[in-house]
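Okay, structure first, notes after.
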Amino acid sequence: MTDPEAALGQLVRDALAAELGAAYAEADPLIRPSGFADYQSNAAMALAKSVGRSPRAIAGPVADRLGASASVAKAEVSGPGFINITLTDEWIAEQSIEQLADPRLGVPRAEPSQTIVVDYSGPNVAKELHAGHLRPTVVGDAIARILDHLGHDVVRAAHLGDWGTPFGMMIEHALDVGEQATYDLLAAGEFTEFYQAARAKFVSDPGFADRSRRRLVQLQAGDPEAMRLWRMLVDDSMEYLRQIYSRLNITLTDADMAPESFYDPMLADVCEDLERRGIAVISDGALCAFPPGFTGRDNKPVPLMLRKSDGGYGYDTTDVAAIRYRLTDLKATRLIYVVGSEQSLHLQLIFELARQAGWLVPPATAEHAVIGLMTGPGGQRLQTRSGEQVKLASLMDEAVDRAAAVIAERYVDPEQRRQIAEAVGIGALKYGDLSVARDSSYVLDFDRLLALTGNTGPYLQYAAARIRSIFARAGLDPATAAGDPIMLGTVAERTLALRLLGFGRAVTDVVVGAEPHKLAGFLFDTASAFTTFYEQCPVLTAEGDTRRSRLALCALTLRVLVTGLGLLGISVPERM
Ligand code: ARG
């Protein structure tokens, strides 16, 4: 099948070439949705100057040629030179039948496929995921799923913070508590308790503080026992992360962890390389790089700190090693960092340094997919009554509890109720993040997220569940509707079918700027078109070919919704 915008684009280009000369076969047809027809082309206005004719003088004959095409019902010039185009019902119906028969539902495969690193979630060992981790995790995962689906070679990378000074203290505390008890605490996500107890001893007990410092030195020197204990802390935390990711339906696996410690063996070499080439210099005893184009206060260049004066490496160094590794070892041609807006300067410095060092060379690109803040009702950071960051796990629990109370309460079977509440609660939370532009901040409001109307997860899940129940009542399997005729007898059917044909474009549109909310918006429009269709067009009580056609449209809608939500990482409960 062809998506309508692409098909019309080709027709407009052909008409331009026939009217104005072969050179115009490559012109931008400027197809846009229109309020007066299916689409409009703005090409005549754009080309008028270079052609030397008025826009209307170009639009008129082009519209005539378009009107003669079998797939176009009407093409009219309006205003200064817009061409309003309406497709024929037959063409739309034919494309819908092809879409129904297409396992990919019209989603193209990327040509060529690229190696793309998606750096997201950014968890830290022995630190609990809090509300602020939700968006970079959920948005990054949707981006990775979509790139995957388009056939790109996606490298998921969770830049796990597992290296640094607190580990000496945490190892000593783990020894005091005992290894099994440490596991029990950390695998359950009781990090704050663990960390605070360690910290309290560090402050109040000089003997403990001493041991901790010695342990850190041993760890950094690669002492096997220190390493074993450190590994234990990492493994215990991984156990917790696995549980959270699995409950959130996040595709990150152990193999996708790109922990800071992974880059440790590369740090000395990276520093040496940059210093030898004069890109990094010693400043106040520390090795620093000053990527061009960044000045802070008093017009001073902004540094990346590569090696502290005591010889230690930090967050900057790891990120420099990581970007070099991704570009030169993995040979990625696109890097997407799905990270909070507060790290914007840091990442811009890293990208600029990579350019300066000759690692980031076109056509390779690096981008910061900025994540805005999810806030409490007053626009402030989400916090508990005692002023702590809200844990991600409690956010999920609350979403599921509320979903159980609002949506799943009418199910008597407790197991069924639990499953539905889980899918709806988690789905609502994730969809809330995915339906707004990722860089905007938004207020967490469970009542809005869980509403059954509006651009919400439950509304979309409900539309899909409703279609499933239509098939259940008909005693039919939606999969067998493929190959049925599709006839577009009413405006509602036509609008729905035309909308569905835009699925492929909606998926590929996400990729350009790494913006999953565009797919969410498409799915919402689709579900709305379905709602109108279902209100106006009886399905099961219709007869013969009309019934079969409407069932086919239902089946197509179901597949588009389920596939689309799946690409966003949202599952659809069987019933709702
Ligand atoms: N672990 C980091 C943090 O909690 C986020 C990592 C983001 N990715 C990166 N390559 N720096 O702030």
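So you can find residues: chains in the structure tokens are A, B, ... in the order shown, residues in each start at 1, and ligands are numbered from 1 in order.
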Which residues of stretch 211-305 of chain A sit at most 12 Å from stretch 327-347 of chain A, using only C-alpha atoms? Give each one's shortest atom pair and distance in Å (one decimal place), in chain and ascending residue order, as JSON lines.
{"residue": "A:Met266", "atom": "CA", "partner": "A:Asp329", "partner_atom": "CA", "distance": 11.9}
{"residue": "A:Phe290", "atom": "CA", "partner": "A:His346", "partner_atom": "CA", "distance": 11.9}
{"residue": "A:Pro291", "atom": "CA", "partner": "A:His346", "partner_atom": "CA", "distance": 10.9}
{"residue": "A:Gly293", "atom": "CA", "partner": "A:Leu345", "partner_atom": "CA", "distance": 11.6}
{"residue": "A:Phe294", "atom": "CA", "partner": "A:Leu345", "partner_atom": "CA", "distance": 9.0}
{"residue": "A:Thr295", "atom": "CA", "partner": "A:Leu345", "partner_atom": "CA", "distance": 10.8}
{"residue": "A:Gly296", "atom": "CA", "partner": "A:Leu345", "partner_atom": "CA", "distance": 10.6}
{"residue": "A:Val302", "atom": "CA", "partner": "A:Leu345", "partner_atom": "CA", "distance": 9.5}
{"residue": "A:Pro303", "atom": "CA", "partner": "A:His346", "partner_atom": "CA", "distance": 9.7}
{"residue": "A:Leu304", "atom": "CA", "partner": "A:His346", "partner_atom": "CA", "distance": 8.1}
{"residue": "A:Met305", "atom": "CA", "partner": "A:His346", "partner_atom": "CA", "distance": 10.6}
Subject >> 6 Å shell around ligand 1 using only C-alpha atoms and all ligand atoms, listed as a list in words >> reply: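 For ligand 1, the residues inside 6 Å are Gly122, Pro123, Asn124, His159, Leu160, Gly161, Asp319 and Val339 of chain A.
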Convert the current residue selection to file output with all heavy atoms, as a tab-separated table (two decimals), in the first residue's frame.
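Final file, part_7.tsv:
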chain	number	residue	atom	x	y	z
A	122	GLY	N	19.39	5.86	32.48
A	122	GLY	CA	20.42	6.42	33.37
A	122	GLY	C	20.29	6.06	34.84
A	122	GLY	O	20.36	6.93	35.70
A	123	PRO	N	20.11	4.77	35.15
A	123	PRO	CA	19.97	4.39	36.57
A	123	PRO	C	21.32	4.45	37.28
A	123	PRO	O	22.36	4.56	36.64
A	123	PRO	CB	19.48	2.95	36.49
A	123	PRO	CG	20.04	2.42	35.21
A	123	PRO	CD	20.11	3.60	34.26
A	124	ASN	N	21.30	4.38	38.59
A	124	ASN	CA	22.53	4.36	39.37
A	124	ASN	C	22.47	3.20	40.36
A	124	ASN	O	21.42	2.91	40.91
A	124	ASN	CB	22.69	5.67	40.15
A	124	ASN	CG	22.81	6.87	39.22
A	124	ASN	OD1	23.66	6.90	38.34
A	124	ASN	ND2	21.93	7.83	39.39
A	159	HIS	N	23.25	3.97	30.81
A	159	HIS	CA	24.52	4.46	31.36
A	159	HIS	C	24.43	4.36	32.89
A	159	HIS	O	24.10	5.31	33.57
A	159	HIS	CB	24.70	5.91	30.91
A	159	HIS	CG	26.09	6.44	31.01
A	159	HIS	ND1	27.06	6.20	30.06
A	159	HIS	CD2	26.68	7.23	31.94
A	159	HIS	CE1	28.18	6.81	30.40
A	159	HIS	NE2	27.97	7.45	31.55
A	160	LEU	N	24.72	3.17	33.38
A	160	LEU	CA	24.51	2.85	34.80
A	160	LEU	C	25.62	3.44	35.66
A	160	LEU	O	26.80	3.13	35.44
A	160	LEU	CB	24.48	1.32	34.95
A	160	LEU	CG	24.36	0.73	36.36
A	160	LEU	CD1	22.95	0.93	36.90
A	160	LEU	CD2	24.69	-0.76	36.34
A	161	GLY	N	25.25	4.28	36.60
A	161	GLY	CA	26.23	4.86	37.51
A	161	GLY	C	26.65	3.81	38.55
A	161	GLY	O	25.91	3.53	39.47
A	319	ASP	N	31.85	9.83	30.16
A	319	ASP	CA	31.03	10.16	29.00
A	319	ASP	C	31.89	10.42	27.75
A	319	ASP	O	31.46	10.13	26.64
A	319	ASP	CB	30.14	11.38	29.30
A	319	ASP	CG	28.69	10.97	29.53
A	319	ASP	OD1	28.25	9.95	28.91
A	319	ASP	OD2	27.99	11.62	30.32
A	339	VAL	N	17.94	12.19	28.05
A	339	VAL	CA	18.43	12.60	29.37
A	339	VAL	C	17.75	13.93	29.77
A	339	VAL	O	17.39	14.72	28.90
A	339	VAL	CB	19.98	12.77	29.33
A	339	VAL	CG1	20.52	13.22	30.69
A	339	VAL	CG2	20.68	11.50	28.88
Subject >> Nearby residues (only C-alpha atoms) at most 9 Å from stretch 246-249 of chain A, same-chain spacing under 2 positions excluded, as a PyMOL selection string >> reply: chain A and resi 138+241-244+251-252+396+422+426-427+430+569-571
Hey, can you spit out that residue selection with C-alpha atoms as an mmCIF file, in the first residue's frame?
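The file below, part_18.cif, is the result:
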data_model
loop_
_atom_site.group_PDB
_atom_site.id
_atom_site.type_symbol
_atom_site.label_atom_id
_atom_site.label_comp_id
_atom_site.auth_asym_id
_atom_site.auth_seq_id
_atom_site.Cartn_x
_atom_site.Cartn_y
_atom_site.Cartn_z
ATOM 1 C CA VAL A 138 9.754 5.395 29.162
ATOM 2 C CA LEU A 241 16.291 -2.855 38.273
ATOM 3 C CA ARG A 242 15.186 -6.027 36.502
ATOM 4 C CA GLN A 243 12.011 -6.105 38.578
ATOM 5 C CA ILE A 244 11.207 -2.463 37.908
ATOM 6 C CA THR A 251 12.994 -3.643 27.011
ATOM 7 C CA LEU A 252 16.337 -3.046 28.770
ATOM 8 C CA MET A 396 3.540 2.714 39.962
ATOM 9 C CA GLU A 422 -1.812 -3.411 36.331
ATOM 10 C CA ILE A 426 1.119 1.314 34.255
ATOM 11 C CA GLY A 427 -0.181 2.145 30.778
ATOM 12 C CA LYS A 430 3.597 5.695 30.682
ATOM 13 C CA GLY A 569 5.647 0.086 25.213
ATOM 14 C CA ILE A 570 2.022 -0.032 26.341
ATOM 15 C CA SER A 571 0.131 -3.285 26.536
#
**OP:** Apply DSSP to the structure's backbone, then extract all residues of stretch 62-276 of chain A labelled alpha helix (DSSP H) and return them as a PyMOL selection string.
**Re:** chain A and resi 62-67+89-101+131-149+166-177+179-187+191-204+206-220+224-248+264-276
**OP:** Mind checking which residues fall within 9 Å of A:Arg56, counting only C-alpha atoms, ignoring those fewer than 5 positions away in the same chain, and posting them as a VMD selection string?
**Re:** chain A and resid 44 to 45 48 61 77 to 82
Save the residues we just selected, all heavy atoms, as a compact mmCIF listing (two decimals), in the first residue's frame?
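Result saved to part.txt:
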# COMPACT_ATOMS: atom_id res chain seq x y z
N ALA A 44 2.43 25.36 -5.68
CA ALA A 44 2.35 26.43 -6.68
C ALA A 44 2.87 27.75 -6.10
O ALA A 44 3.58 28.50 -6.78
CB ALA A 44 0.89 26.59 -7.15
N MET A 45 2.54 28.00 -4.84
CA MET A 45 3.01 29.24 -4.21
C MET A 45 4.53 29.24 -4.06
O MET A 45 5.18 30.24 -4.28
CB MET A 45 2.37 29.42 -2.84
CG MET A 45 1.12 30.26 -2.91
SD MET A 45 -0.34 29.26 -2.76
CE MET A 45 -0.13 28.63 -1.14
N ALA A 48 6.19 29.74 -7.68
CA ALA A 48 5.81 30.85 -8.56
C ALA A 48 6.99 31.71 -8.98
O ALA A 48 7.20 31.98 -10.16
CB ALA A 48 4.74 31.69 -7.87
N PRO A 61 -3.67 24.59 -14.05
CA PRO A 61 -3.40 23.42 -14.91
C PRO A 61 -2.94 22.19 -14.13
O PRO A 61 -3.25 21.06 -14.49
CB PRO A 61 -2.30 23.90 -15.86
CG PRO A 61 -1.88 25.24 -15.41
CD PRO A 61 -2.87 25.78 -14.44
N VAL A 77 -8.45 24.68 -7.16
CA VAL A 77 -7.59 25.77 -6.70
C VAL A 77 -8.39 26.62 -5.72
O VAL A 77 -9.57 26.89 -5.95
CB VAL A 77 -7.15 26.64 -7.89
CG1 VAL A 77 -6.22 27.76 -7.41
CG2 VAL A 77 -6.45 25.78 -8.93
N SER A 78 -7.74 27.02 -4.65
CA SER A 78 -8.44 27.93 -3.76
C SER A 78 -7.48 29.01 -3.28
O SER A 78 -6.26 28.80 -3.29
CB SER A 78 -9.06 27.16 -2.58
OG SER A 78 -8.20 27.19 -1.47
N GLY A 79 -8.06 30.15 -2.90
CA GLY A 79 -7.25 31.26 -2.39
C GLY A 79 -6.16 31.65 -3.35
O GLY A 79 -6.33 31.61 -4.57
N PRO A 80 -4.98 32.00 -2.81
CA PRO A 80 -3.90 32.51 -3.66
C PRO A 80 -3.29 31.44 -4.57
O PRO A 80 -2.49 31.77 -5.45
CB PRO A 80 -2.87 33.00 -2.65
CG PRO A 80 -3.16 32.24 -1.40
CD PRO A 80 -4.64 32.01 -1.39
N GLY A 81 -3.60 30.16 -4.36
CA GLY A 81 -2.99 29.13 -5.20
C GLY A 81 -2.83 27.80 -4.51
O GLY A 81 -2.01 26.97 -4.90
N PHE A 82 -3.60 27.56 -3.44
CA PHE A 82 -3.63 26.24 -2.82
C PHE A 82 -4.33 25.29 -3.79
O PHE A 82 -5.26 25.68 -4.48
CB PHE A 82 -4.46 26.23 -1.53
CG PHE A 82 -3.95 27.17 -0.48
CD1 PHE A 82 -4.64 28.33 -0.16
CD2 PHE A 82 -2.78 26.88 0.20
CE1 PHE A 82 -4.18 29.19 0.82
CE2 PHE A 82 -2.32 27.74 1.19
CZ PHE A 82 -3.02 28.90 1.50
Subject >> Point-to-point distance in Å for atom CA of A:Tyr39 and atom CA of A:Gly52 >> reply: 25.4 Å
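Among the residues of stretch 294-412 of chain A, backbone DSSP assigns strand (DSSP E or B) to Thr295, Pro301, Leu304, Met305, Leu306, Arg307, Arg334, Leu335, Ile336, Tyr337, Val338, Val339, Gly340, Thr365, Ala366, Glu367, His368, Ala369, Val370, Ile371, Met374, Thr375, Arg381, Gln383, Gln389 and Lys391 of chain A.
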Writer output for current selection, N, CA, C and O atoms, as a short mmCIF file (atom, residue, chain, number, x, y, z; two decimals), in the first residue's frame:
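This is the output file out.cif:
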data_model
loop_
_atom_site.label_atom_id
_atom_site.label_comp_id
_atom_site.auth_asym_id
_atom_site.auth_seq_id
_atom_site.Cartn_x
_atom_site.Cartn_y
_atom_site.Cartn_z
N THR A 295 31.24 29.50 26.66
CA THR A 295 31.81 30.36 27.68
C THR A 295 30.82 30.51 28.82
O THR A 295 29.61 30.58 28.60
N PRO A 301 36.16 30.07 29.26
CA PRO A 301 35.72 28.83 28.60
C PRO A 301 35.25 27.80 29.63
O PRO A 301 35.76 27.76 30.75
N LEU A 304 35.55 20.58 30.52
CA LEU A 304 35.19 19.21 30.88
C LEU A 304 36.36 18.73 31.74
O LEU A 304 37.52 18.86 31.34
N MET A 305 36.04 18.19 32.89
CA MET A 305 37.09 17.75 33.80
C MET A 305 37.44 16.30 33.49
O MET A 305 36.65 15.39 33.73
N LEU A 306 38.61 16.08 32.89
CA LEU A 306 38.96 14.73 32.46
C LEU A 306 39.70 13.95 33.54
O LEU A 306 39.50 12.74 33.69
N ARG A 307 40.59 14.62 34.26
CA ARG A 307 41.30 13.94 35.35
C ARG A 307 41.52 14.95 36.46
O ARG A 307 42.08 16.01 36.23
N ARG A 334 24.31 7.38 14.60
CA ARG A 334 23.42 8.31 15.27
C ARG A 334 23.42 7.98 16.76
O ARG A 334 23.28 6.80 17.13
N LEU A 335 23.61 9.00 17.58
CA LEU A 335 23.58 8.82 19.03
C LEU A 335 22.45 9.65 19.59
O LEU A 335 22.36 10.85 19.33
N ILE A 336 21.56 9.01 20.32
CA ILE A 336 20.44 9.73 20.93
C ILE A 336 20.56 9.59 22.44
O ILE A 336 20.50 8.49 22.98
N TYR A 337 20.77 10.71 23.11
CA TYR A 337 20.87 10.71 24.58
C TYR A 337 19.55 11.20 25.15
O TYR A 337 19.21 12.37 25.03
N VAL A 338 18.80 10.26 25.74
CA VAL A 338 17.49 10.63 26.30
C VAL A 338 17.72 10.94 27.77
O VAL A 338 17.73 10.04 28.62
N VAL A 339 17.94 12.19 28.05
CA VAL A 339 18.43 12.60 29.37
C VAL A 339 17.75 13.93 29.77
O VAL A 339 17.39 14.72 28.90
N GLY A 340 17.61 14.15 31.04
CA GLY A 340 16.95 15.35 31.56
C GLY A 340 17.60 16.65 31.09
O GLY A 340 18.79 16.71 30.79
N THR A 365 25.69 11.72 13.69
CA THR A 365 25.11 12.81 14.47
C THR A 365 24.98 12.39 15.93
O THR A 365 24.89 11.21 16.23
N ALA A 366 24.97 13.39 16.79
CA ALA A 366 24.69 13.14 18.21
C ALA A 366 23.64 14.15 18.64
O ALA A 366 23.70 15.31 18.26
N GLU A 367 22.66 13.70 19.37
CA GLU A 367 21.61 14.63 19.79
C GLU A 367 21.20 14.36 21.23
O GLU A 367 21.21 13.21 21.68
N HIS A 368 20.84 15.44 21.89
CA HIS A 368 20.29 15.33 23.23
C HIS A 368 18.76 15.38 23.10
O HIS A 368 18.21 16.41 22.77
N ALA A 369 18.11 14.25 23.31
CA ALA A 369 16.64 14.22 23.32
C ALA A 369 16.22 14.67 24.71
O ALA A 369 16.15 13.88 25.65
N VAL A 370 15.98 15.96 24.83
CA VAL A 370 15.78 16.60 26.14
C VAL A 370 14.49 16.10 26.81
O VAL A 370 13.45 16.03 26.17
N ILE A 371 14.61 15.77 28.07
CA ILE A 371 13.45 15.36 28.85
C ILE A 371 13.12 16.44 29.87
O ILE A 371 13.99 16.84 30.65
N MET A 374 8.73 16.13 35.26
CA MET A 374 7.38 15.81 35.70
C MET A 374 7.24 16.39 37.10
O MET A 374 8.06 16.11 37.96
N THR A 375 6.24 17.22 37.32
CA THR A 375 6.19 17.94 38.59
C THR A 375 4.93 17.61 39.37
O THR A 375 4.00 17.00 38.86
N ARG A 381 9.08 20.07 42.08
CA ARG A 381 9.53 18.69 41.98
C ARG A 381 8.63 17.78 42.83
O ARG A 381 8.23 18.16 43.92
N GLN A 383 7.57 15.40 45.46
CA GLN A 383 8.20 14.92 46.68
C GLN A 383 7.18 14.38 47.67
O GLN A 383 5.99 14.68 47.58
N GLN A 389 12.36 12.62 47.41
CA GLN A 389 11.91 12.36 46.04
C GLN A 389 10.95 11.17 46.07
O GLN A 389 11.17 10.21 46.79
N LYS A 391 9.47 7.78 45.13
CA LYS A 391 10.04 6.59 44.50
C LYS A 391 9.21 6.17 43.30
O LYS A 391 7.97 6.22 43.35
#
Subject >> Shell of 10 Å around A:Asp525, only C-alpha atoms, local chain residues under 6 positions omitted, as a PyMOL selection string >> reply: chain A and resi 455+460+496+499-500+519+531
Kindly save the residues from that selection, with N, CA, C and O atoms included, as a tab-separated table (two decimals), in the first residue's frame.
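Now in again26.tsv:
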chain	number	residue	atom	x	y	z
A	455	ASN	N	-6.99	12.35	25.56
A	455	ASN	CA	-5.77	11.72	25.05
A	455	ASN	C	-5.05	10.99	26.20
A	455	ASN	O	-4.04	11.44	26.70
A	460	LEU	N	-7.26	4.85	24.91
A	460	LEU	CA	-6.77	4.05	23.78
A	460	LEU	C	-6.91	2.56	24.05
A	460	LEU	O	-7.31	1.78	23.18
A	496	LEU	N	-12.17	7.21	9.02
A	496	LEU	CA	-11.39	6.23	9.78
A	496	LEU	C	-10.36	5.54	8.88
A	496	LEU	O	-9.18	5.44	9.24
A	499	ARG	N	-7.51	7.83	7.94
A	499	ARG	CA	-6.67	8.03	9.12
A	499	ARG	C	-5.71	6.84	9.30
A	499	ARG	O	-4.51	7.00	9.49
A	500	LEU	N	-6.26	5.64	9.22
A	500	LEU	CA	-5.45	4.43	9.43
A	500	LEU	C	-4.31	4.33	8.42
A	500	LEU	O	-3.22	3.85	8.75
A	519	LEU	N	3.51	9.86	17.56
A	519	LEU	CA	2.78	8.60	17.37
A	519	LEU	C	1.58	8.55	18.32
A	519	LEU	O	0.48	8.13	17.94
A	531	THR	N	-14.18	5.95	17.44
A	531	THR	CA	-15.33	6.21	18.31
A	531	THR	C	-16.50	6.78	17.49
A	531	THR	O	-17.64	6.34	17.61
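Using only C-alpha atoms, the residues found no farther than 9 Å from A:Leu20, other than those of its own chain fewer than 4 positions away, are Ala15, Leu16, Tyr24, Val51 and Ile58 of chain A.
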**OP:** Give me, please, the distance in Å between atom CA of A:Cys288 and atom CA of A:Glu275, quoted to one decimal.
**Re:**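 Spanning atom CA of A:Cys288 to atom CA of A:Glu275 is a straight-line distance of 8.9 Å.
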**OP:** Select, from A:Ser394, A:Thr508, A:Asn42, A:Thr137, the residue with the minimum atom-to-atom distance to A:Ser121, counting only C-alpha atoms.
**Re:** A:Thr137
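Between A:Ile116 and the candidates A:Ala514, A:Ala46, A:Ile31, A:Ala520, the tightest atom-to-atom separation, counting only C-alpha atoms, involves A:Ala514.
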